$ cat entry_27.pdb   # PDB, C-alpha atoms
MODEL        1
ATOM      1  CA  MET L1413     -36.395   9.645  36.725
ATOM      2  CA  VAL L1414     -32.991   8.965  35.156
ATOM      3  CA  LYS L1415     -30.893   6.484  37.116
ATOM      4  CA  THR L1416     -27.299   7.284  37.978
ATOM      5  CA  ALA L1417     -24.468   5.007  36.850
ATOM      6  CA  ILE L1418     -24.039   3.520  40.321
ATOM      7  CA  GLU L1419     -27.787   2.912  40.626
ATOM      8  CA  LYS L1420     -27.705   0.994  37.332
ATOM      9  CA  LEU L1421     -24.668  -0.988  38.450
ATOM     10  CA  THR L1422     -26.289  -1.824  41.795
ATOM     11  CA  GLU L1423     -29.423  -3.051  40.026
ATOM     12  CA  THR L1424     -27.396  -5.125  37.574
ATOM     13  CA  VAL L1425     -25.233  -6.726  40.245
ATOM     14  CA  GLY L1426     -28.297  -7.434  42.377
ATOM     15  CA  TYR L1427     -29.874  -9.332  39.480
ATOM     16  CA  ILE L1428     -26.709 -11.342  38.772
ATOM     17  CA  ARG L1429     -26.340 -12.305  42.427
ATOM     18  CA  SER L1430     -29.952 -13.445  42.457
ATOM     19  CA  GLN L1431     -29.145 -15.832  39.603
ATOM     20  CA  SER L1432     -25.886 -17.356  40.853
ATOM     21  CA  PRO L1433     -24.190 -18.155  44.179
ATOM     22  CA  VAL L1434     -20.727 -17.790  42.618
ATOM     23  CA  LYS L1435     -18.653 -14.976  44.114
ATOM     24  CA  PRO L1436     -16.059 -14.378  41.413
ATOM     25  CA  LYS L1437     -12.468 -13.598  42.279
ATOM     26  CA  ILE L1438     -11.267 -13.379  38.673
ATOM     27  CA  GLY L1439     -12.943 -11.578  35.796
ATOM     28  CA  ILE L1440     -12.202 -12.546  32.197
ATOM     29  CA  ILE L1441     -13.280 -10.652  29.094
ATOM     30  CA  LEU L1442     -13.175 -12.735  25.924
ATOM     31  CA  GLY L1443     -12.548 -10.950  22.642
ATOM     32  CA  SER L1444     -13.320 -11.984  19.065
ATOM     33  CA  GLY L1445     -12.975 -15.690  18.404
ATOM     34  CA  LEU L1446     -12.137 -16.592  22.000
ATOM     35  CA  GLY L1447     -15.617 -17.499  23.231
ATOM     36  CA  ALA L1448     -14.825 -21.222  23.144
ATOM     37  CA  PHE L1449     -12.670 -20.772  26.258
ATOM     38  CA  VAL L1450     -15.823 -21.351  28.313
ATOM     39  CA  ASP L1451     -15.642 -25.011  27.252
ATOM     40  CA  GLN L1452     -12.759 -25.277  29.752
ATOM     41  CA  VAL L1453     -14.844 -23.787  32.565
ATOM     42  CA  GLN L1454     -16.939 -25.585  35.157
ATOM     43  CA  VAL L1455     -20.029 -23.501  34.440
ATOM     44  CA  SER L1456     -22.413 -22.807  37.286
ATOM     45  CA  THR L1457     -24.606 -20.163  35.655
ATOM     46  CA  LYS L1458     -24.983 -18.788  32.143
ATOM     47  CA  ILE L1459     -26.914 -15.539  31.684
ATOM     48  CA  ARG L1460     -27.626 -13.955  28.327
ATOM     49  CA  TYR L1461     -26.815 -10.256  28.106
ATOM     50  CA  ASP L1462     -30.381  -9.693  26.901
ATOM     51  CA  ASP L1463     -31.631 -10.810  30.318
ATOM     52  CA  ILE L1464     -29.275  -8.668  32.418
ATOM     53  CA  PRO L1465     -30.543  -5.193  33.334
ATOM     54  CA  HIS L1466     -28.626  -2.414  31.514
ATOM     55  CA  PHE L1467     -26.505  -4.841  29.457
ATOM     56  CA  MET L1468     -26.469  -4.488  25.669
ATOM     57  CA  PRO L1469     -26.145  -7.608  23.493
ATOM     58  CA  PRO L1470     -23.141  -7.450  21.122
ATOM     59  CA  THR L1471     -23.715  -7.261  17.376
ATOM     60  CA  VAL L1472     -20.249  -8.287  16.159
ATOM     61  CA  ASP L1473     -19.623 -11.842  14.915
ATOM     62  CA  GLY L1474     -17.691 -13.996  17.369
ATOM     63  CA  HIS L1475     -19.198 -12.313  20.438
ATOM     64  CA  GLN L1476     -21.820 -14.650  21.905
ATOM     65  CA  GLY L1477     -23.166 -12.240  24.511
ATOM     66  CA  ASN L1478     -23.238 -14.331  27.686
ATOM     67  CA  LEU L1479     -22.110 -13.826  31.262
ATOM     68  CA  ILE L1480     -20.612 -17.069  32.532
ATOM     69  CA  LEU L1481     -20.187 -17.704  36.261
ATOM     70  CA  GLY L1482     -18.309 -20.769  37.396
ATOM     71  CA  HIS L1483     -14.865 -22.090  38.234
ATOM     72  CA  VAL L1484     -11.535 -22.616  36.529
ATOM     73  CA  GLY L1485      -9.895 -25.126  38.820
ATOM     74  CA  ILE L1486     -10.652 -23.846  42.307
ATOM     75  CA  ASN L1487     -10.917 -20.226  41.198
ATOM     76  CA  PRO L1488     -14.381 -18.644  40.980
ATOM     77  CA  VAL L1489     -14.665 -16.649  37.766
ATOM     78  CA  ALA L1490     -17.004 -14.312  35.957
ATOM     79  CA  ILE L1491     -16.527 -14.356  32.193
ATOM     80  CA  LEU L1492     -17.864 -11.864  29.688
ATOM     81  CA  GLN L1493     -18.302 -13.962  26.553
ATOM     82  CA  GLY L1494     -18.197 -11.080  24.109
ATOM     83  CA  ARG L1495     -18.222  -7.308  24.418
ATOM     84  CA  ASN L1496     -19.673  -4.132  23.007
ATOM     85  CA  HIS L1497     -17.470  -1.890  20.905
ATOM     86  CA  TYR L1498     -17.320   1.870  20.712
ATOM     87  CA  TYR L1499     -17.459   1.668  16.916
ATOM     88  CA  GLU L1500     -20.885   0.022  17.116
ATOM     89  CA  GLY L1501     -22.223   3.429  18.054
ATOM     90  CA  HIS L1502     -22.510   2.869  21.791
ATOM     91  CA  SER L1503     -21.631   5.509  24.342
ATOM     92  CA  MET L1504     -18.419   4.902  26.245
ATOM     93  CA  GLU L1505     -20.526   4.367  29.386
ATOM     94  CA  THR L1506     -22.332   1.486  27.660
ATOM     95  CA  VAL L1507     -19.052  -0.031  26.451
ATOM     96  CA  VAL L1508     -17.456  -0.124  29.906
ATOM     97  CA  PHE L1509     -20.617  -0.984  31.854
ATOM     98  CA  PRO L1510     -20.017  -4.779  31.881
ATOM     99  CA  THR L1511     -16.430  -4.282  33.069
ATOM    100  CA  ARG L1512     -17.632  -2.009  35.852
ATOM    101  CA  THR L1513     -20.182  -4.667  36.740
ATOM    102  CA  LEU L1514     -17.347  -7.155  37.287
ATOM    103  CA  ALA L1515     -15.669  -4.656  39.603
ATOM    104  CA  ILE L1516     -18.822  -4.210  41.703
ATOM    105  CA  LEU L1517     -19.242  -8.000  41.783
ATOM    106  CA  GLY L1518     -15.971  -8.030  43.716
ATOM    107  CA  ILE L1519     -13.334  -9.425  41.365
ATOM    108  CA  GLU L1520      -9.711  -8.998  42.442
ATOM    109  CA  TYR L1521      -8.090  -9.697  39.057
ATOM    110  CA  LEU L1522      -9.167  -8.868  35.518
ATOM    111  CA  ILE L1523      -7.862 -10.652  32.432
ATOM    112  CA  LEU L1524      -8.537  -8.835  29.162
ATOM    113  CA  THR L1525      -8.241 -10.458  25.754
ATOM    114  CA  ASN L1526      -8.803  -9.217  22.232
ATOM    115  CA  SER L1527      -7.870  -9.816  18.633
ATOM    116  CA  ALA L1528      -5.859  -6.989  17.109
ATOM    117  CA  GLY L1529      -3.485  -6.204  14.308
ATOM    118  CA  GLY L1530       0.206  -5.837  15.035
ATOM    119  CA  PHE L1531       2.892  -3.546  13.649
ATOM    120  CA  GLY L1532       5.905  -5.630  14.655
ATOM    121  CA  GLU L1533       7.888  -6.963  11.685
ATOM    122  CA  THR L1534       8.294 -10.357  13.355
ATOM    123  CA  MET L1535       4.610 -10.702  14.218
ATOM    124  CA  GLN L1536       2.492 -13.329  12.480
ATOM    125  CA  PRO L1537      -1.296 -13.818  12.549
ATOM    126  CA  GLY L1538      -2.249 -15.817  15.619
ATOM    127  CA  ASP L1539       0.728 -14.755  17.728
ATOM    128  CA  PHE L1540       0.152 -13.801  21.353
ATOM    129  CA  MET L1541       1.152 -10.402  22.689
ATOM    130  CA  LEU L1542       1.356  -9.402  26.320
ATOM    131  CA  ILE L1543       0.142  -5.825  26.652
ATOM    132  CA  GLU L1544       2.499  -3.886  28.902
ATOM    133  CA  ASP L1545       0.900  -0.461  28.407
ATOM    134  CA  HIS L1546      -1.429   1.413  26.085
ATOM    135  CA  ILE L1547      -1.847   4.668  24.183
ATOM    136  CA  ASN L1548      -5.389   6.021  23.913
ATOM    137  CA  LEU L1549      -6.007   7.512  20.460
ATOM    138  CA  MET L1550      -9.769   7.062  20.581
ATOM    139  CA  GLY L1551     -10.554  10.715  21.201
ATOM    140  CA  ASN L1552     -12.591   9.713  24.238
ATOM    141  CA  ASN L1553     -12.070   8.405  27.737
ATOM    142  CA  PRO L1554     -14.438   6.149  29.728
ATOM    143  CA  LEU L1555     -13.714   8.136  32.901
ATOM    144  CA  MET L1556     -15.169  11.351  31.500
ATOM    145  CA  GLY L1557     -18.304  12.598  33.239
ATOM    146  CA  PRO L1558     -19.238  12.325  36.908
ATOM    147  CA  ASN L1559     -16.739  10.240  38.876
ATOM    148  CA  ILE L1560     -18.081   7.004  40.347
ATOM    149  CA  LYS L1561     -16.298   7.030  43.700
ATOM    150  CA  GLU L1562     -17.277   3.409  44.352
ATOM    151  CA  LEU L1563     -15.001   2.442  41.459
ATOM    152  CA  GLY L1564     -12.039   4.643  42.266
ATOM    153  CA  PRO L1565     -10.623   8.164  42.416
ATOM    154  CA  ARG L1566     -11.214  10.962  39.946
ATOM    155  CA  PHE L1567      -7.628  10.717  38.667
ATOM    156  CA  PRO L1568      -6.511   7.067  38.889
ATOM    157  CA  ASP L1569      -2.800   6.279  38.818
ATOM    158  CA  MET L1570      -2.035   4.735  35.416
ATOM    159  CA  THR L1571       1.656   4.077  36.138
ATOM    160  CA  GLU L1572       1.009   0.329  36.239
ATOM    161  CA  ALA L1573      -2.318  -0.155  34.497
ATOM    162  CA  TYR L1574      -1.175  -3.677  33.571
ATOM    163  CA  ASP L1575      -0.008  -5.679  36.580
ATOM    164  CA  LYS L1576       3.685  -6.536  36.207
ATOM    165  CA  LYS L1577       3.513  -9.637  38.399
ATOM    166  CA  LEU L1578       0.630 -11.075  36.388
ATOM    167  CA  LEU L1579       2.473 -10.330  33.146
ATOM    168  CA  GLU L1580       5.561 -12.111  34.466
ATOM    169  CA  GLN L1581       3.443 -15.112  35.434
ATOM    170  CA  MET L1582       1.796 -15.200  32.013
ATOM    171  CA  GLU L1583       5.187 -14.972  30.334
ATOM    172  CA  LYS L1584       6.465 -17.968  32.307
ATOM    173  CA  ILE L1585       3.413 -19.995  31.303
ATOM    174  CA  LEU L1586       3.863 -19.141  27.637
ATOM    175  CA  GLN L1587       7.536 -20.087  27.835
ATOM    176  CA  GLN L1588       6.732 -23.400  29.537
ATOM    177  CA  GLN L1589       4.275 -24.187  26.739
ATOM    178  CA  SER L1590       6.746 -23.101  24.031
ATOM    179  CA  THR L1591       4.157 -20.639  22.744
ATOM    180  CA  LYS L1592       5.399 -17.825  20.526
ATOM    181  CA  TYR L1593       4.607 -14.432  22.016
ATOM    182  CA  HIS L1594       5.538 -10.782  21.944
ATOM    183  CA  LYS L1595       5.448  -7.956  24.462
ATOM    184  CA  GLY L1596       4.324  -4.503  23.482
ATOM    185  CA  ILE L1597       2.071  -1.493  23.717
ATOM    186  CA  TYR L1598      -1.564  -1.491  22.642
ATOM    187  CA  CYS L1599      -2.641   1.466  20.538
ATOM    188  CA  ALA L1600      -6.363   2.091  21.018
ATOM    189  CA  VAL L1601      -8.224   3.559  18.054
ATOM    190  CA  SER L1602     -11.973   3.787  17.647
ATOM    191  CA  GLY L1603     -12.425   1.818  14.410
ATOM    192  CA  PRO L1604     -14.222   0.251  12.683
ATOM    193  CA  THR L1605     -11.811   0.965   9.808
ATOM    194  CA  TYR L1606      -8.388  -0.555   9.598
ATOM    195  CA  GLU L1607      -5.486   1.879   9.709
ATOM    196  CA  THR L1608      -4.400   3.759   6.618
ATOM    197  CA  PRO L1609      -0.769   3.399   5.472
ATOM    198  CA  ALA L1610      -0.041   6.852   6.935
ATOM    199  CA  GLU L1611      -1.550   5.845  10.270
ATOM    200  CA  VAL L1612       0.561   2.682  10.303
ATOM    201  CA  ARG L1613       3.725   4.721   9.723
ATOM    202  CA  TYR L1614       2.632   7.137  12.480
TER     203      TYR L1614
ENDMDL
END

$ encode --input "entry_27.pdb" --output "structure tokens"
Amino acid sequence: MVKTAIEKLTETVGYIRSQSPVKPKIGIILGSGLGAFVDQVQVSTKIRYDDIPHFMPPTVDGHQGNLILGHVGINPVAILQGRNHYYEGHSMETVVFPTRTLAILGIEYLILTNSAGGFGETMQPGDFMLIEDHINLMGNNPLMGPNIKELGPRFPDMTEAYDKKLLEQMEKILQQQSTKYHKGIYCAVSGPTYETPAEVRY
């Protein structure tokens, strides 16, 4: 018998809770090259993706493939140390499954990170950018298919997909640390190729 998405999520979350007493309030997804952030975390539990039901281990360099549960300061966190990518040949359901797992675990805030190219003339490699909005050019949408009511409505409001108050707080922190940053819109494409000159102009 084929399990539904919510049945898979329930099984996954049940396993994670059996492995760790941490009840995360903040979820963090670490993109390429950012896995070392966990060195700043008071780690309670580390679970390899291979051991988590319905998780797929990543195949891209720089993605360690661990779920970290612990604390940053007093804040309980769940950290995805690496992710799956659509261009690896996974279904969109597989790609978003770990993020949905964080939601069912009960997080209240989600911090997303990634490494991406930038089109701004003043941008330099290594610069930070605060994503204020996005444009989906992937030709797919993770919400296609049966709606999972436990995760939200059929047609979610995308007016403020990126929390303005959190962005303002992040901007203040970057300013206090004299860190160069930009603000902009993320353009989502499937990859794995880099953009052609025509696509860049577009």

$ resolve_selection --input "entry_27.pdb" --expression "the PyMOL selection byres ((chain L and resi 1507) around 9)" --output "number ranges by chain"
L: 1468, 1495-1498, 1502-1506, 1508-1511, 1554

$ write_last_selection --input "entry_27.pdb" --atoms "C-alpha atoms" --output "PDB file, in the frame of the given file"
ATOM      1  CA  MET L1468     -26.469  -4.488  25.669  1.00  0.00           C
ATOM      2  CA  ARG L1495     -18.222  -7.308  24.418  1.00  0.00           C
ATOM      3  CA  ASN L1496     -19.673  -4.132  23.007  1.00  0.00           C
ATOM      4  CA  HIS L1497     -17.470  -1.890  20.905  1.00  0.00           C
ATOM      5  CA  TYR L1498     -17.320   1.870  20.712  1.00  0.00           C
ATOM      6  CA  HIS L1502     -22.510   2.869  21.791  1.00  0.00           C
ATOM      7  CA  SER L1503     -21.631   5.509  24.342  1.00  0.00           C
ATOM      8  CA  MET L1504     -18.419   4.902  26.245  1.00  0.00           C
ATOM      9  CA  GLU L1505     -20.526   4.367  29.386  1.00  0.00           C
ATOM     10  CA  THR L1506     -22.332   1.486  27.660  1.00  0.00           C
ATOM     11  CA  VAL L1508     -17.456  -0.124  29.906  1.00  0.00           C
ATOM     12  CA  PHE L1509     -20.617  -0.984  31.854  1.00  0.00           C
ATOM     13  CA  PRO L1510     -20.017  -4.779  31.881  1.00  0.00           C
ATOM     14  CA  THR L1511     -16.430  -4.282  33.069  1.00  0.00           C
ATOM     15  CA  PRO L1554     -14.438   6.149  29.728  1.00  0.00           C
TER      16      PRO L1554
END

$ atom_distance --input "entry_27.pdb" --atom1 "atom CA of L:Lys1437" --atom2 "atom CA of L:Gly1564"
18.2 Å

$ resolve_selection --input "entry_27.pdb" --expression "the PyMOL selection byres ((chain L and resi 1490-1494) around 6)" --output "short mmCIF file (atom, residue, chain, number, x, y, z; two decimals) with C-alpha atoms, in the frame of the given file"
data_model
loop_
_atom_site.label_atom_id
_atom_site.label_comp_id
_atom_site.auth_asym_id
_atom_site.auth_seq_id
_atom_site.Cartn_x
_atom_site.Cartn_y
_atom_site.Cartn_z
CA PRO L 1436 -16.06 -14.38 41.41
CA GLY L 1439 -12.94 -11.58 35.80
CA ILE L 1440 -12.20 -12.55 32.20
CA ILE L 1441 -13.28 -10.65 29.09
CA LEU L 1442 -13.18 -12.74 25.92
CA GLY L 1443 -12.55 -10.95 22.64
CA GLY L 1447 -15.62 -17.50 23.23
CA HIS L 1475 -19.20 -12.31 20.44
CA GLN L 1476 -21.82 -14.65 21.90
CA GLY L 1477 -23.17 -12.24 24.51
CA ASN L 1478 -23.24 -14.33 27.69
CA LEU L 1479 -22.11 -13.83 31.26
CA ILE L 1480 -20.61 -17.07 32.53
CA LEU L 1481 -20.19 -17.70 36.26
CA VAL L 1489 -14.66 -16.65 37.77
CA ARG L 1495 -18.22 -7.31 24.42
#

$ closest_residue --input "entry_27.pdb" --among "L:Ile1560, L:Ile1585, L:Met1550, L:Leu1578" --to "L:Ser1602" --atoms "all atoms listed in the file"
L:Met1550

$ resolve_selection --input "entry_27.pdb" --expression "the PyMOL selection byres ((chain L and resi 1597) around 6)" --output "PyMOL selection string"
chain L and resi 1543-1546+1596+1598

$ write_last_selection --input "entry_27.pdb" --atoms "C-alpha atoms" --output "PDB file, in the frame of the given file"
ATOM      1  CA  ILE L1543       0.142  -5.825  26.652  1.00  0.00           C
ATOM      2  CA  GLU L1544       2.499  -3.886  28.902  1.00  0.00           C
ATOM      3  CA  ASP L1545       0.900  -0.461  28.407  1.00  0.00           C
ATOM      4  CA  HIS L1546      -1.429   1.413  26.085  1.00  0.00           C
ATOM      5  CA  GLY L1596       4.324  -4.503  23.482  1.00  0.00           C
ATOM      6  CA  TYR L1598      -1.564  -1.491  22.642  1.00  0.00           C
TER       7      TYR L1598
END

$ residues_around --input "entry_27.pdb" --residues "L:Ser1430" --least-positions-apart "4" --cutoff "12 Å" --atoms "all atoms listed in the file" --output "number ranges by chain"
L: 1423-1426, 1434-1435, 1457, 1459, 1464

$ residues_around --input "entry_27.pdb" --residues "L:Tyr1606" --least-positions-apart "3" --cutoff "12 Å" --atoms "all atoms listed in the file" --output "PyMOL selection string"
chain L and resi 1499+1528-1530+1600-1603+1609-1612

$ closest_residue --input "entry_27.pdb" --among "L:Thr1422, L:Leu1549, L:Ser1456, L:Gly1557" --to "L:Tyr1614" --atoms "only C-alpha atoms"
L:Leu1549

$ residues_around --input "entry_27.pdb" --residues "stretch 1540-1542 of chain L" --least-positions-apart "5" --cutoff "12 Å" --atoms "all atoms listed in the file" --output "compact mmCIF listing (two decimals) with C-alpha atoms, in the coordinates of the input"
# COMPACT_ATOMS: atom_id res chain seq x y z
CA ILE L 1523 -7.86 -10.65 32.43
CA LEU L 1524 -8.54 -8.84 29.16
CA THR L 1525 -8.24 -10.46 25.75
CA ASN L 1526 -8.80 -9.22 22.23
CA SER L 1527 -7.87 -9.82 18.63
CA ALA L 1528 -5.86 -6.99 17.11
CA GLY L 1529 -3.48 -6.20 14.31
CA GLY L 1530 0.21 -5.84 15.04
CA PHE L 1531 2.89 -3.55 13.65
CA GLY L 1532 5.90 -5.63 14.66
CA THR L 1534 8.29 -10.36 13.36
CA MET L 1535 4.61 -10.70 14.22
CA TYR L 1574 -1.18 -3.68 33.57
CA ASP L 1575 -0.01 -5.68 36.58
CA LYS L 1576 3.68 -6.54 36.21
CA LEU L 1578 0.63 -11.08 36.39
CA LEU L 1579 2.47 -10.33 33.15
CA GLU L 1580 5.56 -12.11 34.47
CA GLN L 1581 3.44 -15.11 35.43
CA MET L 1582 1.80 -15.20 32.01
CA GLU L 1583 5.19 -14.97 30.33
CA LYS L 1584 6.46 -17.97 32.31
CA ILE L 1585 3.41 -20.00 31.30
CA LEU L 1586 3.86 -19.14 27.64
CA GLN L 1587 7.54 -20.09 27.84
CA SER L 1590 6.75 -23.10 24.03
CA THR L 1591 4.16 -20.64 22.74
CA LYS L 1592 5.40 -17.82 20.53
CA TYR L 1593 4.61 -14.43 22.02
CA HIS L 1594 5.54 -10.78 21.94
CA LYS L 1595 5.45 -7.96 24.46
CA GLY L 1596 4.32 -4.50 23.48
CA ILE L 1597 2.07 -1.49 23.72
CA TYR L 1598 -1.56 -1.49 22.64

$ closest_residue --input "entry_27.pdb" --among "L:Thr1605, L:Tyr1427, L:Pro1568, L:Asn1553" --to "L:Pro1465" --atoms "all atoms listed in the file"
L:Tyr1427

$ axis_aligned_box --input "entry_27.pdb" --around "stretch 1480-1485 of chain L" --padding-each-side "3 Å" --output "lines of an AutoDock Vina configuration file"
center_x = -15.3
center_y = -21.1
center_z = 35.7
size_x = 16.7
size_y = 14.1
size_z = 12.3

$ atom_distance --input "entry_27.pdb" --atom1 "atom CA of L:Ile1418" --atom2 "atom CA of L:Glu1562"
7.9 Å
